[in-house]
Amino acid sequence: MTLLAVDSLSKTFSSAAAKGAQPVVQALADLSFQVAAGEFLSIIGPSGCGKSTLFRILSGLEQPDTGQVTLQGQPLPLETDRQGRFGYMPQRDTLLPWRTVLDNVILGADLAGDSRELARSEAQRLLPLFGLDGFENVWPSALSGGMRQRAALLRTFLTGYETLLLDEPFGALDALTRRVLQQWLLGVRTRFKKTILFITHDIDEALLLGDRVLVFSPRPGRITADLPIDLPHPRSQDTVLDDSFLAHKRNVMAHLKLE
Amino acid sequence: MMTARLIFPAAVLLMLLALWELLVWALAVPKWIVPAPSAIGQAFWETRALLATHVRQTMLEVAIGIGVAVSTGVALAAVLDFSPWLRRAIYPLLVISQTVPILALAPLLIIWFGFGIAPKVIVVTLFCFFPIAINTSDGLTATEPELIDLLRSMGATWPQIWQKVRLPAALPYFFSGLKIAATYSVVGAIVGEWVGAKQGLGIHLLRSSAAFKTAQVFSAIAITSLLSILLFLTVFVIERKMMPWYFERR
Ligand SMILES: Nc1ncnc2c1ncn2[C@@H]1O[C@H](COP(=O)(O)OP(=O)(O)OP(=O)(O)O)[C@@H](O)[C@H]1O
Ligand SMILES: [Mg+2]
C-alpha cells in the first residue's frame, strides 16, 4: 500500500545571499517516487544533490516550485499542511541545550499540549532501549556524539508520526559508533512499525538498513536508480561480506558514478 | 572554590587599606583632604541612620529604572526582530544615541520633570536601556535557525517557537546586558540626584563635600560601590538559577 507519494518535485534556489556560488541553484528536478507503509527507504547521492532539500520540502520547511506531496492519499500542497505530519530529524544536531534529555525527547508531546507527566513516563520506559538509561536529567552538552544522536532519534520516534525522515543521523559519528548504531537501529526498527526515509552518504549503511535504495544524481537531484534490496533479515555486520550484498554494492556504485 | 578566588583580592585590599592608614598617619595628612580608613569607618558608623534613608531612596530609583529598562529594552528587541527593515533603521541609531552624554541631559530632565523621583528614574533607565536592548536583540538574531526549523516541522505555533526556542536562546545575551546595566544603574541614579534632589546618595555626596566632610564623602563612595557589587551579584545568582544548562558542563 502506498503511504507517501512524491510527484515531480522541483526546487530552485535563487541564492543572492551566497556569494561566489551561481545566483540560481536547481536542487531538485522533477523528482518522483513512492514509499509503501512500513518500508525502510535509503536515499544515497553525492553531496549537494538535494537530499536534504527533499526532506525540508516534505516536512514543510520549504515550498517546491512544482510538484505534489501526497500522504495516505491526501495531497499536502501547503507548507503548513506538511508541518507536523512527519517525524523529521535534521542533518544538524538539534537537541535544545536548555532542556534535559528527558524533556528534549518529549518535545513533540509538549508541543501538542499533551500531559508532560504521561509523555515523560512513556519516554522513561524507552530510555534503556535507546541507551540513555540514567541520563534523563542530564543536559545535552554532557552527552557523547552517539548518545546525542540516539536522543534525537528517540525524540523523532516519540513524535508519534508514522513516517520518519532521518537526514544522515549517523553522518557525524566515528566509524565504530556508526556500526554499533546501525545494528541497534536494525533492532529498534522491528519494535516500531514505522516507515522510514533515511539519507546517507555511506553505501554499506544504505544497503544494510534499507529495504530499498534510491540513488540520486548530482545536482539537480533526480533518481538514477531505484533498487529493491532483497537481503534476508536479520542482517548483521557480517552481511556486508556476503556475495549478494557485494553485488548490490557494485550496482549502487555503478549508478553513483554515472553522472 | 569561591572562597579561594575571593581570598587573594580580599587580602590585597586589606593590605592597601593598611598602607593607606599608615601613610595618612605618617605624613599627617589633614582629615579634610584624605581621611584614614579608620576615620571613614567612623563616619560611616556615625551617619548610618542618615545613610540608610539615602540608600533606600537611591535603590528605589535604581529598582524602578532597571525595571523600566528591562521591559522597554526587551520589548524593543522583540520589535526589531519582527522587521529586519526596522532593525536596519533603528539599530544604528541606538548605537549613536550612546554618544549623547547622559550627564548633560540630567539638568534638562530636572527642567522638564521637576525635582521628584521621575528624572532620576529616567537617568537610570537611560544608562540601563542600551546594554539590555542591544544584547537581547543580538541574542534573538543569534538563535540557530535549525532549532526554529525543527519546531516548525513539528507543527509548532509562533508563540511556542518563542517560548521554547527563541527566548531561552536569547537569555544568556540578555543576562550579559543586564549585568552591565546593573553596574551602571547605581551610578546613573547618583548622577540623576547630583543635579538636584532632596534625598539619595548623590545629594548626600554633594552636601558632604560642600561641607568638607571628606570622611563622609568616602563612606558614601564606598557604599555606592558596595551597592553596585551587590546588584551585580544578585543578577549573577538569578542568572545561574535560570540557566543551569548554561553553566553546568561547559
Ligand atoms: N536555502 C537555500 N538557499 C540557497 N541554496 C540552497 C538552500 N538550501 C540548499 N541550497 C542549495 O541546494 C543544493 C542542495 O542542497 P541540499 O542541502 O539539499 O544537499 P544535500 O544533498 O543534502 O547535500 P549533503 O549530502 O551535503 O547534505 C546545494 O547546492 C545547496 O547549496
Ligand atoms: Mg544534506
# chains A, B, ... in the order shown; residues from 1 in each chain; ligands from 1
>>> interface_residues(of="chain A", to="chain B", cutoff="7 Å", atoms="only C-alpha atoms", output="PyMOL selection string")
chain A and resi 59-61+83-84+88+94+97-98+108+111+139+141-142
>>> write_last_selection(atoms="N, CA and C atoms", output="JSON list (two decimals), in the first residue's frame")
[["chain", "number", "residue", "atom", "x", "y", "z"],
["A", 59, "SER", "N", 8.85, 18.06, 5.12],
["A", 59, "SER", "CA", 8.47, 18.43, 6.48],
["A", 59, "SER", "C", 7.92, 19.85, 6.57],
["A", 60, "GLY", "N", 7.70, 20.46, 5.42],
["A", 60, "GLY", "CA", 7.00, 21.75, 5.43],
["A", 60, "GLY", "C", 7.88, 22.94, 5.75],
["A", 61, "LEU", "N", 9.19, 22.82, 5.49],
["A", 61, "LEU", "CA", 10.10, 23.95, 5.73],
["A", 61, "LEU", "C", 10.40, 24.71, 4.45],
["A", 83, "GLN", "N", 3.62, 20.51, 7.75],
["A", 83, "GLN", "CA", 4.22, 20.62, 9.09],
["A", 83, "GLN", "C", 3.43, 19.75, 10.06],
["A", 84, "GLY", "N", 4.16, 19.08, 10.94],
["A", 84, "GLY", "CA", 3.50, 18.25, 11.93],
["A", 84, "GLY", "C", 2.92, 16.97, 11.35],
["A", 88, "TYR", "N", 10.66, 14.42, 11.64],
["A", 88, "TYR", "CA", 11.84, 14.87, 10.88],
["A", 88, "TYR", "C", 13.03, 15.02, 11.81],
["A", 94, "THR", "N", 20.25, 18.87, 16.74],
["A", 94, "THR", "CA", 19.26, 19.87, 17.15],
["A", 94, "THR", "C", 18.63, 19.59, 18.51],
["A", 97, "PRO", "N", 19.60, 22.94, 24.02],
["A", 97, "PRO", "CA", 20.57, 22.92, 25.13],
["A", 97, "PRO", "C", 19.94, 23.19, 26.49],
["A", 98, "TRP", "N", 18.78, 23.88, 26.50],
["A", 98, "TRP", "CA", 18.17, 24.28, 27.77],
["A", 98, "TRP", "C", 17.14, 23.28, 28.27],
["A", 108, "GLY", "N", 7.78, 16.65, 21.28],
["A", 108, "GLY", "CA", 6.58, 16.50, 20.43],
["A", 108, "GLY", "C", 5.30, 16.55, 21.25],
["A", 111, "LEU", "N", 4.67, 20.06, 22.62],
["A", 111, "LEU", "CA", 4.12, 21.00, 21.64],
["A", 111, "LEU", "C", 2.66, 20.70, 21.37],
["A", 139, "TRP", "N", 21.98, 17.50, 30.97],
["A", 139, "TRP", "CA", 21.88, 18.45, 29.85],
["A", 139, "TRP", "C", 22.52, 17.83, 28.62],
["A", 141, "SER", "N", 24.58, 18.89, 26.55],
["A", 141, "SER", "CA", 26.01, 19.18, 26.37],
["A", 141, "SER", "C", 26.89, 18.14, 27.06],
["A", 142, "ALA", "N", 26.30, 17.35, 27.96],
["A", 142, "ALA", "CA", 27.09, 16.35, 28.67],
["A", 142, "ALA", "C", 27.10, 15.00, 27.95]]
>>> residues_near_ligand(ligand="ligand 2", cutoff="9 Å", atoms="only C-alpha atoms and all ligand atoms", output="short mmCIF file (atom, residue, chain, number, x, y, z; two decimals) with N, CA and C atoms, in the first residue's frame")
data_model
loop_
_atom_site.label_atom_id
_atom_site.label_comp_id
_atom_site.auth_asym_id
_atom_site.auth_seq_id
_atom_site.Cartn_x
_atom_site.Cartn_y
_atom_site.Cartn_z
N SER A 47 27.07 14.73 -2.45
CA SER A 47 26.82 15.91 -1.62
C SER A 47 26.27 17.06 -2.47
N GLY A 48 25.25 17.72 -1.93
CA GLY A 48 24.69 18.87 -2.62
C GLY A 48 23.67 18.51 -3.70
N CYS A 49 23.23 17.25 -3.74
CA CYS A 49 22.32 16.85 -4.81
C CYS A 49 20.86 17.09 -4.44
N GLY A 50 20.61 17.62 -3.27
CA GLY A 50 19.23 18.00 -2.95
C GLY A 50 18.52 17.03 -2.02
N LYS A 51 19.25 16.14 -1.36
CA LYS A 51 18.60 15.17 -0.46
C LYS A 51 17.94 15.89 0.72
N SER A 52 18.72 16.77 1.35
CA SER A 52 18.14 17.50 2.49
C SER A 52 17.00 18.39 2.04
N THR A 53 17.14 18.95 0.85
CA THR A 53 16.07 19.80 0.33
C THR A 53 14.77 19.01 0.21
N PHE A 55 13.82 16.51 2.07
CA PHE A 55 13.25 16.35 3.42
C PHE A 55 12.66 17.66 3.93
N PRO A 90 16.64 16.53 11.56
CA PRO A 90 17.50 17.31 10.67
C PRO A 90 18.93 16.78 10.65
N GLN A 91 19.64 17.20 9.61
CA GLN A 91 21.03 16.75 9.44
C GLN A 91 21.91 17.25 10.57
N ARG A 92 21.67 18.49 10.99
CA ARG A 92 22.50 19.03 12.09
C ARG A 92 21.89 18.70 13.43
N ASP A 167 17.77 12.44 8.36
CA ASP A 167 18.76 13.02 7.46
C ASP A 167 20.17 12.76 8.00
N GLU A 168 20.83 11.77 7.45
CA GLU A 168 22.18 11.39 7.86
C GLU A 168 22.34 11.34 9.38
N ILE A 199 18.47 9.20 4.80
CA ILE A 199 19.51 9.73 3.92
C ILE A 199 20.88 9.31 4.44
N THR A 200 21.76 8.91 3.56
CA THR A 200 23.12 8.56 3.98
C THR A 200 24.10 8.77 2.83
#
>>> select_by_dssp(residues="range 14-123 of chain B", states="alpha helix (DSSP H)", output="ChimeraX atom specification")
/B:14-27,37-46,48-82,84-97,102-113,118-123
>>> atom_distance(atom1="CA of His204 in chain B", atom2="CA of Phe232 in chain B")
23.1 Å
>>> closest_residue(among="A:Ala172, A:Val6, A:Val35, A:Leu246", to="ligand 1", atoms="only C-alpha atoms and all ligand atoms")
A:Ala172
>>> select_by_dssp(residues="range 43-138 of chain A", states="strand (DSSP E)", output="list in words")
Ile43, Ile44, Thr66, Gly67, Gln68, Val69, Thr70, Leu71, Gln74, Pro75, Gly87, Tyr88 and Met89 of chain A
>>> residues_around(residues="Arg189 in chain A", least_positions_apart="6", cutoff="10 Å", atoms="only C-alpha atoms", output="list in words")
Gly38, Phe40, Thr195, Ile196 and Leu209 of chain A
